[in-house]
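Peer 1: Below is the file protein02.csv, which contains CSV, C-alpha atoms and all ligand atoms.
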```csv
chain,number,residue,atom,x,y,z
Q,333,MET,CA,33.6,86.5,-1.2
Q,334,SER,CA,36.2,89.1,-0.3
Q,335,ALA,CA,37.0,90.1,3.3
Q,336,ARG,CA,34.9,92.6,5.0
Q,337,HIS,CA,35.9,96.1,3.9
Q,338,PRO,CA,37.1,98.2,6.9
Q,339,LEU,CA,34.7,101.0,6.2
Q,340,VAL,CA,31.6,98.8,6.3
Q,341,ALA,CA,31.1,99.0,10.1
Q,342,GLY,CA,31.6,102.7,10.2
Q,343,VAL,CA,29.1,103.4,7.4
Q,344,ARG,CA,26.5,101.1,8.9
Q,345,ALA,CA,26.9,102.9,12.2
Q,346,GLY,CA,26.2,106.2,10.5
Q,347,ASP,CA,29.7,107.5,11.2
Q,348,ARG,CA,30.2,110.6,9.1
Q,349,ARG,CA,33.9,110.3,8.5
Q,350,ALA,CA,33.5,106.7,7.4
Q,351,LEU,CA,30.7,107.8,5.1
Q,352,SER,CA,32.7,110.6,3.6
Q,353,ARG,CA,35.7,108.4,3.0
Q,354,ALA,CA,33.5,105.7,1.5
Q,355,ILE,CA,32.0,108.2,-1.0
Q,356,THR,CA,35.4,109.4,-1.9
Q,357,LEU,CA,36.4,105.8,-2.5
Q,358,VAL,CA,33.5,105.1,-4.8
Q,359,GLU,CA,34.1,108.4,-6.7
Q,360,SER,CA,37.8,107.7,-7.1
Q,361,ARG,CA,39.0,107.2,-10.6
Q,362,ARG,CA,42.1,105.3,-9.5
Q,363,GLY,CA,42.1,101.7,-10.8
Q,364,ASP,CA,43.2,100.1,-7.6
Q,365,ASP,CA,40.4,101.8,-5.7
Q,366,SER,CA,37.7,100.3,-7.9
Q,367,GLU,CA,38.2,96.8,-6.4
Q,368,GLN,CA,37.7,98.2,-2.9
Q,369,ALA,CA,34.8,100.2,-4.0
Q,370,ALA,CA,33.2,97.1,-5.4
Q,371,ALA,CA,33.8,95.2,-2.2
Q,372,LEU,CA,32.2,97.9,-0.2
Q,373,LEU,CA,29.2,98.1,-2.4
Q,374,ALA,CA,28.7,94.4,-2.3
Q,375,GLU,CA,28.5,94.4,1.4
Q,376,LEU,CA,26.3,97.4,1.8
Q,377,TYR,CA,23.9,97.1,-1.1
Q,378,PRO,CA,21.6,94.4,0.4
Q,379,ALA,CA,20.7,96.7,3.3
Q,380,THR,CA,19.4,99.4,1.0
Q,381,GLY,CA,16.5,100.2,-1.3
Q,382,ARG,CA,14.0,101.5,1.2
Q,383,ALA,CA,14.9,105.1,1.8
Q,384,LEU,CA,12.8,107.8,0.1
Q,385,ARG,CA,14.9,109.4,-2.6
Q,386,VAL,CA,13.8,112.8,-3.9
Q,387,GLY,CA,15.3,114.5,-6.9
Q,388,VAL,CA,15.3,118.3,-6.7
Q,389,THR,CA,15.9,120.0,-10.0
Q,390,GLY,CA,15.5,123.4,-11.6
Q,391,ALA,CA,17.6,126.2,-13.0
Q,392,PRO,CA,20.4,127.7,-11.0
Q,393,GLY,CA,19.2,130.4,-8.6
Q,394,VAL,CA,15.6,129.3,-8.2
Q,395,GLY,CA,16.4,128.4,-4.6
Q,396,LYS,CA,16.9,124.6,-4.6
Q,397,SER,CA,19.5,124.7,-1.8
Q,398,THR,CA,17.6,127.2,0.3
Q,399,LEU,CA,14.5,125.1,-0.1
Q,400,LEU,CA,16.4,121.9,0.9
Q,401,ASP,CA,17.5,123.6,4.1
Q,402,ALA,CA,13.9,124.4,5.0
Q,403,LEU,CA,12.5,121.1,3.8
Q,404,GLY,CA,15.3,119.1,5.3
Q,405,MET,CA,14.8,120.7,8.7
Q,406,GLN,CA,11.1,119.8,8.5
Q,407,ALA,CA,12.1,116.2,7.9
Q,408,VAL,CA,14.6,116.3,10.8
Q,409,ALA,CA,11.8,117.6,13.0
Q,410,ALA,CA,9.7,114.7,12.0
Q,411,GLY,CA,12.4,112.3,13.1
Q,412,GLY,CA,14.2,111.8,9.8
Q,413,ARG,CA,17.9,111.6,9.2
Q,414,VAL,CA,18.4,113.7,6.1
Q,415,GLY,CA,20.9,113.1,3.4
Q,416,VAL,CA,21.6,115.6,0.6
Q,417,LEU,CA,23.7,114.9,-2.5
Q,418,SER,CA,24.3,118.1,-4.4
Q,419,ILE,CA,25.6,117.6,-7.9
Q,420,ASP,CA,27.7,120.5,-9.1
Q,421,PRO,CA,27.8,120.8,-12.8
Q,422,SER,CA,30.5,123.5,-13.1
Q,423,SER,CA,33.3,122.8,-10.8
Q,424,GLN,CA,35.7,120.0,-10.4
Q,425,LEU,CA,36.8,121.6,-7.2
Q,426,ARG,CA,34.9,120.1,-4.3
Q,427,GLY,CA,35.6,122.9,-1.9
Q,428,GLY,CA,34.1,125.7,-3.9
Q,429,SER,CA,30.6,124.2,-4.3
Q,430,LEU,CA,30.6,123.0,-0.8
Q,431,LEU,CA,31.2,126.4,0.5
Q,432,GLY,CA,28.1,127.8,-1.3
Q,433,ASP,CA,26.0,125.0,0.0
Q,434,ARG,CA,27.1,125.5,3.5
Q,435,VAL,CA,25.8,129.1,3.3
Q,436,ARG,CA,22.5,128.1,1.7
Q,437,MET,CA,22.0,125.1,3.9
Q,438,ALA,CA,23.3,126.6,7.1
Q,439,ARG,CA,20.8,124.9,9.5
Q,440,LEU,CA,20.9,121.5,7.9
Q,441,SER,CA,24.7,121.5,7.6
Q,442,SER,CA,25.1,122.0,11.3
Q,443,SER,CA,22.4,119.5,12.2
Q,444,ASP,CA,23.6,116.1,13.7
Q,445,ALA,CA,20.7,114.5,11.9
Q,446,ALA,CA,21.8,115.5,8.4
Q,447,PHE,CA,24.6,114.8,6.0
Q,448,ILE,CA,25.4,117.0,3.0
Q,449,ARG,CA,27.8,116.1,0.3
Q,450,ALA,CA,28.6,118.0,-2.9
Q,451,SER,CA,30.0,116.1,-5.8
Q,452,PRO,CA,31.3,117.3,-9.1
Q,453,SER,CA,29.3,116.1,-12.1
Q,454,GLY,CA,32.7,115.3,-13.6
Q,455,GLY,CA,31.6,115.9,-17.1
Q,456,ALA,CA,28.9,113.1,-16.9
Q,457,SER,CA,25.9,114.3,-18.9
Q,458,GLY,CA,22.4,114.5,-17.6
Q,459,GLY,CA,22.9,116.4,-14.4
Q,460,LEU,CA,24.2,113.5,-12.3
Q,461,GLY,CA,27.7,112.6,-11.2
Q,462,PRO,CA,29.3,109.4,-12.6
Q,463,ARG,CA,28.9,107.8,-9.1
Q,464,THR,CA,25.7,109.3,-7.8
Q,465,ARG,CA,24.0,105.8,-7.6
Q,466,GLU,CA,26.9,104.4,-5.6
Q,467,ALA,CA,26.8,107.5,-3.2
Q,468,LEU,CA,23.1,107.0,-2.7
Q,469,VAL,CA,23.6,103.4,-1.7
Q,470,LEU,CA,26.2,104.5,0.9
Q,471,LEU,CA,24.0,107.2,2.3
Q,472,GLU,CA,21.1,104.7,2.6
Q,473,ALA,CA,23.4,102.2,4.3
Q,474,ALA,CA,24.4,104.8,6.8
Q,475,GLY,CA,20.7,105.2,7.7
Q,476,PHE,CA,19.8,108.4,5.9
Q,477,ASP,CA,16.2,108.7,4.9
Q,478,PRO,CA,14.9,110.8,3.2
Q,479,ILE,CA,17.7,111.6,0.7
Q,480,PHE,CA,17.6,114.5,-1.6
Q,481,VAL,CA,19.5,114.8,-4.8
Q,482,GLU,CA,20.0,118.4,-5.9
Q,483,SER,CA,20.9,118.7,-9.6
Q,484,VAL,CA,20.8,121.6,-12.0
Q,485,GLY,CA,18.5,120.9,-14.9
Q,486,VAL,CA,20.1,121.7,-18.2
Q,487,GLY,CA,18.4,120.5,-21.4
Q,488,GLN,CA,17.9,116.8,-21.0
Q,489,GLY,CA,19.7,116.9,-17.7
Q,490,GLU,CA,16.5,117.2,-15.6
Q,491,LEU,CA,15.5,113.7,-16.7
Q,492,ALA,CA,18.6,112.0,-15.4
Q,493,VAL,CA,17.5,112.5,-11.8
Q,494,THR,CA,14.5,110.2,-12.5
Q,495,GLU,CA,17.1,107.4,-13.0
Q,496,VAL,CA,18.0,107.4,-9.3
Q,497,CYS,CA,15.1,109.0,-7.5
Q,498,ASP,CA,11.7,107.8,-6.4
Q,499,LEU,CA,10.1,111.1,-7.2
Q,500,VAL,CA,11.1,114.3,-8.8
Q,501,MET,CA,10.5,117.8,-7.5
Q,502,VAL,CA,11.0,120.6,-10.0
Q,503,VAL,CA,11.6,124.0,-8.6
Q,504,GLN,CA,10.4,127.1,-10.5
Q,505,ILE,CA,10.0,130.7,-9.9
Q,506,GLY,CA,7.1,132.8,-11.2
Q,507,GLY,CA,7.0,135.9,-13.4
Q,508,ALA,CA,8.0,136.9,-16.9
Q,509,GLY,CA,6.5,133.8,-18.6
Q,510,ASP,CA,9.1,131.7,-17.0
Q,511,GLU,CA,6.6,129.2,-15.7
Q,512,VAL,CA,5.9,127.6,-19.1
Q,513,GLN,CA,9.0,128.5,-21.0
Q,514,GLY,CA,11.2,127.2,-18.3
Q,515,MET,CA,9.2,124.0,-18.1
Q,516,LYS,CA,10.5,122.0,-21.0
Q,517,ARG,CA,8.1,119.3,-22.0
Q,518,GLY,CA,10.3,116.4,-20.8
Q,519,LEU,CA,10.4,118.0,-17.5
Q,520,LEU,CA,6.7,118.4,-17.2
Q,521,GLU,CA,6.2,114.8,-17.9
Q,522,HIS,CA,8.5,113.7,-15.1
Q,523,ALA,CA,7.7,116.2,-12.4
Q,524,ASP,CA,5.8,114.6,-9.5
Q,525,LEU,CA,5.8,117.9,-7.7
Q,526,VAL,CA,6.3,121.3,-9.1
Q,527,VAL,CA,7.3,123.8,-6.5
Q,528,PHE,CA,7.0,127.5,-7.1
Q,529,ASN,CA,9.5,129.2,-4.8
Q,530,LYS,CA,10.0,132.8,-3.8
Q,531,ALA,CA,6.4,133.5,-3.1
Q,532,ASP,CA,7.3,136.5,-1.0
Q,533,GLY,CA,8.0,140.2,-1.3
Q,534,PRO,CA,7.0,142.1,-4.4
Q,535,GLN,CA,6.9,139.0,-6.6
Q,536,ALA,CA,4.5,137.1,-4.3
Q,537,ALA,CA,1.4,137.8,-6.4
Q,538,ALA,CA,3.0,137.0,-9.7
Q,539,THR,CA,4.4,133.7,-8.3
Q,540,GLU,CA,1.0,132.7,-7.0
Q,541,ARG,CA,-0.6,133.5,-10.4
Q,542,ALA,CA,2.0,131.5,-12.2
Q,543,ALA,CA,1.5,128.5,-9.9
Q,544,ARG,CA,-2.2,128.6,-10.4
Q,545,GLU,CA,-1.8,128.7,-14.2
Q,546,LEU,CA,0.6,125.8,-14.3
Q,547,ALA,CA,-1.6,123.8,-11.9
Q,548,SER,CA,-4.6,124.1,-14.3
Q,549,LEU,CA,-2.4,123.3,-17.3
Q,550,LEU,CA,-1.0,120.2,-15.6
Q,551,GLU,CA,-4.4,119.1,-14.5
Q,552,TRP,CA,-5.5,119.3,-18.1
Q,553,MET,CA,-2.4,117.5,-19.4
Q,554,ARG,CA,-2.3,114.7,-16.9
Q,555,PRO,CA,-5.2,114.7,-14.5
Q,556,GLY,CA,-4.4,114.0,-10.9
Q,557,GLN,CA,-0.8,113.2,-11.5
Q,558,SER,CA,1.3,116.3,-10.8
Q,559,ARG,CA,0.9,118.6,-7.8
Q,560,VAL,CA,1.9,122.2,-7.6
Q,561,GLU,CA,3.0,123.7,-4.4
Q,562,LEU,CA,3.7,127.4,-3.5
Q,563,VAL,CA,6.4,128.2,-1.0
Q,564,SER,CA,8.9,130.7,0.2
Q,565,ALA,CA,12.0,128.9,1.2
Q,566,LEU,CA,13.5,132.0,2.6
Q,567,GLU,CA,10.6,132.8,4.9
Q,568,GLY,CA,9.8,129.2,5.5
Q,569,ARG,CA,6.2,129.4,4.2
Q,570,GLY,CA,4.5,126.5,2.6
Q,571,ILE,CA,7.2,124.1,3.7
Q,572,ASP,CA,5.1,121.9,6.0
Q,573,GLY,CA,2.5,121.6,3.2
Q,574,LEU,CA,5.3,120.6,0.7
Q,575,TYR,CA,6.6,118.0,3.1
Q,576,ARG,CA,3.2,116.6,3.5
Q,577,ALA,CA,2.7,116.5,-0.3
Q,578,LEU,CA,5.9,114.7,-0.6
Q,579,LEU,CA,4.8,111.9,1.8
Q,580,GLU,CA,1.4,111.7,0.1
Q,581,GLU,CA,3.1,111.4,-3.3
Q,582,ARG,CA,5.2,108.6,-1.9
Q,583,ALA,CA,2.2,106.8,-0.5
Q,584,ARG,CA,0.3,107.2,-3.8
Q,585,LEU,CA,3.2,105.8,-5.8
Q,586,THR,CA,3.7,102.9,-3.4
Q,587,GLU,CA,0.0,101.9,-3.4
Q,588,SER,CA,-0.3,102.1,-7.2
Q,589,GLY,CA,2.8,99.9,-7.7
Q,590,GLU,CA,4.5,102.7,-9.6
Q,591,LEU,CA,7.3,103.1,-7.2
Q,592,ARG,CA,8.2,99.5,-7.5
Q,593,GLU,CA,8.2,99.7,-11.2
Q,594,ARG,CA,10.4,102.8,-11.2
Q,595,ARG,CA,12.9,101.1,-9.0
Q,596,ARG,CA,13.0,98.1,-11.2
Q,597,ALA,CA,13.6,100.3,-14.3
Q,598,GLN,CA,16.4,102.1,-12.4
Q,599,ARG,CA,18.2,98.9,-11.5
Q,600,ARG,CA,18.0,97.7,-15.1
Q,601,SER,CA,19.5,100.9,-16.4
Q,602,TRP,CA,22.2,100.8,-13.7
Q,603,LEU,CA,23.1,97.4,-15.0
Q,604,SER,CA,23.3,98.6,-18.6
Q,605,GLN,CA,25.5,101.4,-17.6
Q,606,ALA,CA,27.8,99.2,-15.5
Q,607,LEU,CA,28.1,96.7,-18.4
Q,608,GLU,CA,29.0,99.4,-20.8
Q,609,GLU,CA,31.6,100.9,-18.5
Q,610,LEU,CA,33.1,97.5,-17.9
Q,611,VAL,CA,33.3,96.6,-21.5
Q,612,ILE,CA,35.0,99.9,-22.3
Q,613,ALA,CA,37.4,99.6,-19.4
Q,614,ARG,CA,38.3,96.1,-20.3
Q,615,GLN,CA,38.9,97.1,-23.9
Q,616,SER,CA,41.2,99.9,-23.0
Q,617,ARG,CA,43.2,97.7,-20.6
Q,618,ASP,CA,44.1,95.3,-23.4
Q,619,PRO,CA,47.0,96.8,-25.3
Q,620,GLU,CA,46.3,94.8,-28.5
Q,621,LEU,CA,42.6,95.8,-28.4
Q,622,ASP,CA,43.6,99.4,-27.6
Q,623,ARG,CA,45.9,99.5,-30.7
Q,624,ALA,CA,43.2,98.0,-32.9
Q,625,ARG,CA,40.8,100.5,-31.6
Q,626,ARG,CA,43.0,103.5,-32.4
Q,627,GLU,CA,43.3,102.2,-35.9
Q,628,LEU,CA,39.6,101.7,-36.3
Q,629,GLU,CA,39.1,105.2,-34.9
Q,630,ARG,CA,40.9,106.7,-37.9
Q,631,ALA,CA,38.7,104.8,-40.3
Q,632,VAL,CA,35.7,105.9,-38.4
Q,633,GLU,CA,36.8,109.5,-38.3
Q,634,GLU,CA,37.3,109.6,-42.0
Q,635,GLY,CA,33.8,108.1,-42.6
Q,636,GLU,CA,35.2,105.0,-44.1
Q,637,LEU,CA,33.6,102.7,-41.6
Q,638,ALA,CA,30.3,103.0,-39.8
Q,639,PRO,CA,30.9,103.2,-36.0
Q,640,PRO,CA,28.7,100.2,-35.1
Q,641,LEU,CA,30.6,98.1,-37.5
Q,642,ALA,CA,33.9,99.3,-36.1
Q,643,ALA,CA,32.7,98.3,-32.6
Q,644,ARG,CA,31.8,94.8,-33.8
Q,645,GLN,CA,35.1,94.4,-35.6
Q,646,LEU,CA,36.8,95.2,-32.4
Q,647,LEU,CA,34.9,93.0,-30.1
Q,648,GLU,CA,33.4,90.3,-32.4
Q,649,PRO,CA,36.0,90.1,-35.2
Q,650,ASP,CA,34.7,86.7,-36.4
Q,651,LYS,CA,31.1,87.9,-36.9
Q,652,ALA,CA,32.0,91.4,-38.1
Q,653,SER,CA,34.2,90.2,-41.0
Q,654,SER,CA,31.1,88.8,-42.8
Q,655,THR,CA,29.3,92.2,-42.6
Q,656,SER,CA,32.0,94.8,-42.9
Q,657,GLY,CA,32.2,94.6,-46.7
Q,658,GLY,CA,30.0,96.5,-49.0
Q,659,ALA,CA,29.7,100.3,-48.9
V,701,LIG,N1,13.1,136.1,-2.1
V,701,LIG,C1,13.5,134.9,-2.0
V,701,LIG,N2,14.8,134.5,-2.3
V,701,LIG,C2,15.1,133.2,-2.2
V,701,LIG,C3,14.2,132.2,-1.8
V,701,LIG,N3,14.8,131.0,-1.9
V,701,LIG,C4,16.1,131.3,-2.3
V,701,LIG,N4,16.3,132.6,-2.5
V,701,LIG,C5,17.5,133.3,-2.9
V,701,LIG,O1,17.8,132.9,-4.2
V,701,LIG,C6,19.2,132.8,-4.4
V,701,LIG,C7,19.6,131.4,-4.9
V,701,LIG,O2,19.3,130.4,-3.9
V,701,LIG,P1,20.0,129.0,-4.0
V,701,LIG,O3,19.3,128.2,-2.9
V,701,LIG,O4,21.4,129.0,-4.0
V,701,LIG,O5,19.5,128.5,-5.4
V,701,LIG,P2,19.9,127.2,-6.2
V,701,LIG,O6,21.0,127.6,-7.2
V,701,LIG,O7,18.7,126.7,-7.0
V,701,LIG,O8,20.4,126.1,-5.3
V,701,LIG,C8,19.8,133.1,-3.0
V,701,LIG,O9,20.2,134.5,-3.0
V,701,LIG,C9,18.7,132.8,-2.1
V,701,LIG,O10,18.8,133.6,-0.9
V,701,LIG,C10,12.9,132.6,-1.5
V,701,LIG,O11,12.0,131.8,-1.1
V,701,LIG,N5,12.6,133.9,-1.6
V,702,MG,MG,22.1,125.0,-5.1
```
I'd like the structure from this file rewritten - as structure tokens, please.
Ligand SMILES: Nc1nc2c(ncn2[C@@H]2O[C@H](COP(=O)(O)OP(=O)(O)O)[C@@H](O)[C@H]2O)c(=O)[nH]1
Ligand SMILES: [Mg+2]
Peer 2:
Amino acid sequence: MSARHPLVAGVRAGDRRALSRAITLVESRRGDDSEQAAALLAELYPATGRALRVGVTGAPGVGKSTLLDALGMQAVAAGGRVGVLSIDPSSQLRGGSLLGDRVRMARLSSSDAAFIRASPSGGASGGLGPRTREALVLLEAAGFDPIFVESVGVGQGELAVTEVCDLVMVVQIGGAGDEVQGMKRGLLEHADLVVFNKADGPQAAATERAARELASLLEWMRPGQSRVELVSALEGRGIDGLYRALLEERARLTESGELRERRRAQRRSWLSQALEELVIARQSRDPELDRARRELERAVEEGELAPPLAARQLLEPDKASSTSGGA
């Protein structure tokens, strides 16, 4: 076992600066930081796995951040310490996205009982950052519960949030046929809660209608499994009901054993991802393998060698030699 990492005590005590530094450390791409990040994770991981993790996804502009401000304050009022991880798909610049979030989440970001962090998605596909899982562990170890993960849903992206969250909340707005068109099928299948936001002003009636229509469609598709909530994040309406629905969903998933199953699947897929990463990293560190890889890459690019065979030739040259002949 390695020595205690200096940030461990700070994170455990819920110290924000320690937590910020710890997240920066696990997100670092520098090779010599990864040892430290691993040590930190090893010490903090056993204390985690109990906080409620909620994925919040939906198109840009539907009001996810505004909603999190309202919902987060509701959770704070109920005694929670609220964590928000906001995954920014566009910018590599941390400052820019954080500024926007500070405006949208004005109350939450000035609350002592909340911690908000924006992370660039860093090109990782699926609407998560490459180290979202690690950041969640750190937030949990620092005592934050519930934790919300805000991510923009793009294509398959909405689904990635199910890889790290207990339940998924999809935020929608009504009007203009949005409600069904915007709800891609994969999304519908994974939404535990569908939230229709902006039920206020001139669009209130249309939003309410859209919510009703979707509710009956969902009830037909998967009876008793998805809930539709109508809110105005801006005016703070429907927020207490949404918070209650969230807790009820958690209770339902816990009692049915579904939550446990989801977490097991998440840990399995984290392992797969970690293995993949490690194999690739190890391969690129070895100069001989790296040279061999570049040679194989040419053959693969030209279509002379099937990519899976190239991978085997690289990592299992003994076995691959017997199968690489032929076409
Ligand atoms: N009318 C109305 N506007 C809202 C509501 N919630 C958010 N907005 C506005 O929608 C815009 C986008 O909100 P934001 O929270 O940044 O959306 P995000 O991109 O999904 O995080 C902002 O101008 C918000 O003020 C709402 O409930 N009603
Ligand atoms: Mg936002």
Peer 1: Point out the residue among Q:Gly387, Q:Phe447, Q:Leu373, Q:Thr380 with the least atom-to-atom distance to Val408 in chain Q, counting all atoms listed in the file.
Peer 2: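 When distances to Val408 in chain Q are compared using all atoms listed in the file, the smallest one comes from Q:Phe447.
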Peer 1: Of the residues Q:Leu578, Q:Ala565, Q:Met405, Q:Met501, which is the one nearest to ligand LIG 701 (chain V), using all atoms listed in the file?
Peer 2: Q:Ala565
Peer 1: Please identify all polymer residues within 10 Å of range 549-554 of chain Q, counting all atoms listed in the file, omitting same-chain residues fewer than 4 positions from it, and present them as a ChimeraX atom specification.
Peer 2: /Q:512,520-521,526,543-545,558-560
Peer 1: May I have the residues from that selection written out with C-alpha atoms, as a PDB file, in the frame of the given file?
Peer 2:
```
ATOM      1  CA  VAL Q 512       5.900 127.600 -19.100  1.00  0.00           C
ATOM      2  CA  LEU Q 520       6.700 118.400 -17.200  1.00  0.00           C
ATOM      3  CA  GLU Q 521       6.200 114.800 -17.900  1.00  0.00           C
ATOM      4  CA  VAL Q 526       6.300 121.300  -9.100  1.00  0.00           C
ATOM      5  CA  ALA Q 543       1.500 128.500  -9.900  1.00  0.00           C
ATOM      6  CA  ARG Q 544      -2.200 128.600 -10.400  1.00  0.00           C
ATOM      7  CA  GLU Q 545      -1.800 128.700 -14.200  1.00  0.00           C
ATOM      8  CA  SER Q 558       1.300 116.300 -10.800  1.00  0.00           C
ATOM      9  CA  ARG Q 559       0.900 118.600  -7.800  1.00  0.00           C
ATOM     10  CA  VAL Q 560       1.900 122.200  -7.600  1.00  0.00           C
TER      11      VAL Q 560
END
```
Peer 1: Separation of CA of Ala383 in chain Q and CA of Thr464 in chain Q, in Å?
Peer 2: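 Separation between CA of Ala383 in chain Q and CA of Thr464 in chain Q: 15.0 Å.
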Peer 1: At what distance in Å, to one decimal, does CA of Arg623 in chain Q lie from CA of Glu648 in chain Q?
Peer 2: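 Taking CA of Glu648 in chain Q and CA of Arg623 in chain Q, their separation equals 15.6 Å.
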Peer 1: Kindly indicate which residue among Q:Leu351, Q:Ile419, Q:Leu647, Q:Ala410 lies nearest to ligand MG 702 (chain V), using all atoms listed in the file for the distances.
Peer 2: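 Nearest to ligand MG 702 (chain V): Q:Ile419.
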Peer 1: What is the CA of Ala467 in chain Q to CA of Ile355 in chain Q distance in Å?
Peer 2: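 The value is 5.7 Å.
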Peer 1: Closest to ligand LIG 701 (chain V) among Q:Gly346, Q:Pro649, Q:Gly635, Q:Gly506, using only C-alpha atoms and all ligand atoms?
Peer 2: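 Among Q:Gly346, Q:Pro649, Q:Gly635, Q:Gly506, it is Q:Gly506 that comes nearest to ligand LIG 701 (chain V).
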Peer 1: Name the residues, by chain letter and number, that sit within 6 Å of ligand LIG 701 (chain V) using only C-alpha atoms and all ligand atoms, and give them as a PyMOL selection string.
Peer 2: chain Q and resi 392-398+436+529-530+532+564-566
Peer 1: Give the residue list for ligand MG 702 (chain V) at 12 Å, counting only C-alpha atoms and all ligand atoms, as number ranges by chain, sorted by chain and then by residue number.
Peer 2: Q: 388-401, 416-422, 429-437, 448-451, 480-485, 503
Peer 1: Closest to Ala402 in chain Q among Q:Leu574, Q:Val386, Q:Val493, Q:Leu376, using only C-alpha atoms?
Peer 2: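 Once distances to Ala402 in chain Q are computed over only C-alpha atoms, the minimum belongs to Q:Leu574.
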Peer 1: Looking at all atoms listed in the file, which of Q:Arg385, Q:Glu540, Q:Val563, Q:Pro462 is the one that sits closest to Val500 in chain Q?
Peer 2: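 So, comparing all the options, the nearest one is Q:Arg385.
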Peer 1: Can you list, as a list in words, every protein, DNA or RNA residue that comes within 9 Å of range 596-605 of chain Q when you count only C-alpha atoms, leaving out same-chain residues fewer than 5 positions away?
Peer 2: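 That gives Arg465, Thr494, Glu495, Val496, Cys497, Leu591 and Leu610 of chain Q.
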Peer 1: Please determine the residues with any atom at most 6 Å from (27.2, 112.5, -12.7) (coordinates as given in the file, with only C-alpha atoms counting) and report them as a VMD selection string.
Peer 2: chain Q and resid 453 456 460 to 462
Peer 1: Taking the point (36.1, 106.6, -4.5) as given in the file, collect each protein or nucleic acid residue that comes within 12 Å of it, counting all atoms listed in the file, and present the set as a PyMOL selection string.
Peer 2: chain Q and resi 351-373+451+462-464+466-467+470
Peer 1: Identify, on the basis of only C-alpha atoms, every residue whose closest approach to Gln615 in chain Q does not exceed 12 Å; exclude the query and any residue fewer than 4 positions from it along the same chain; express the result as a ChimeraX atom specification.
Peer 2: /Q:608-611,619-626,643,646-647
Peer 1: So that I can check the surroundings of Val340 in chain Q, please list as an MDAnalysis selection string every protein, DNA and RNA residue that reaches within 8 Å of it, counting all atoms listed in the file and ignoring chain neighbours fewer than 3 positions away.
Peer 2: chainID Q and resid 336:337 343:344 372 375:376
Peer 1: Output: range 621-633 of chain Q of the preceding structure, restricted to N, CA and C atoms, written as a compact mmCIF listing (two decimals), in the first residue's frame.
Peer 2:
```
# COMPACT_ATOMS: atom_id res chain seq x y z
N LEU Q 621 6.74 -1.80 -29.33
CA LEU Q 621 5.33 -2.02 -29.67
C LEU Q 621 4.77 -0.84 -30.45
N ASP Q 622 5.21 0.35 -30.06
CA ASP Q 622 4.70 1.55 -30.70
C ASP Q 622 5.11 1.58 -32.17
N ARG Q 623 6.36 1.17 -32.42
CA ARG Q 623 6.84 1.14 -33.81
C ARG Q 623 6.06 0.08 -34.60
N ALA Q 624 5.90 -1.08 -34.00
CA ALA Q 624 5.15 -2.16 -34.65
C ALA Q 624 3.73 -1.71 -34.95
N ARG Q 625 3.17 -0.96 -34.00
CA ARG Q 625 1.80 -0.49 -34.19
C ARG Q 625 1.69 0.42 -35.40
N ARG Q 626 2.66 1.33 -35.52
CA ARG Q 626 2.59 2.27 -36.64
C ARG Q 626 2.72 1.55 -37.98
N GLU Q 627 3.51 0.50 -37.96
CA GLU Q 627 3.63 -0.27 -39.20
C GLU Q 627 2.30 -0.97 -39.54
N LEU Q 628 1.74 -1.57 -38.50
CA LEU Q 628 0.45 -2.25 -38.71
C LEU Q 628 -0.63 -1.27 -39.13
N GLU Q 629 -0.54 -0.06 -38.59
CA GLU Q 629 -1.53 0.96 -38.91
C GLU Q 629 -1.59 1.20 -40.41
N ARG Q 630 -0.42 1.23 -41.03
CA ARG Q 630 -0.39 1.44 -42.49
C ARG Q 630 -1.12 0.33 -43.21
N ALA Q 631 -0.82 -0.91 -42.83
CA ALA Q 631 -1.48 -2.06 -43.47
C ALA Q 631 -2.99 -2.01 -43.24
N VAL Q 632 -3.39 -1.55 -42.04
CA VAL Q 632 -4.81 -1.45 -41.73
C VAL Q 632 -5.46 -0.36 -42.56
N GLU Q 633 -4.77 0.78 -42.65
CA GLU Q 633 -5.32 1.90 -43.43
C GLU Q 633 -5.55 1.52 -44.89
```
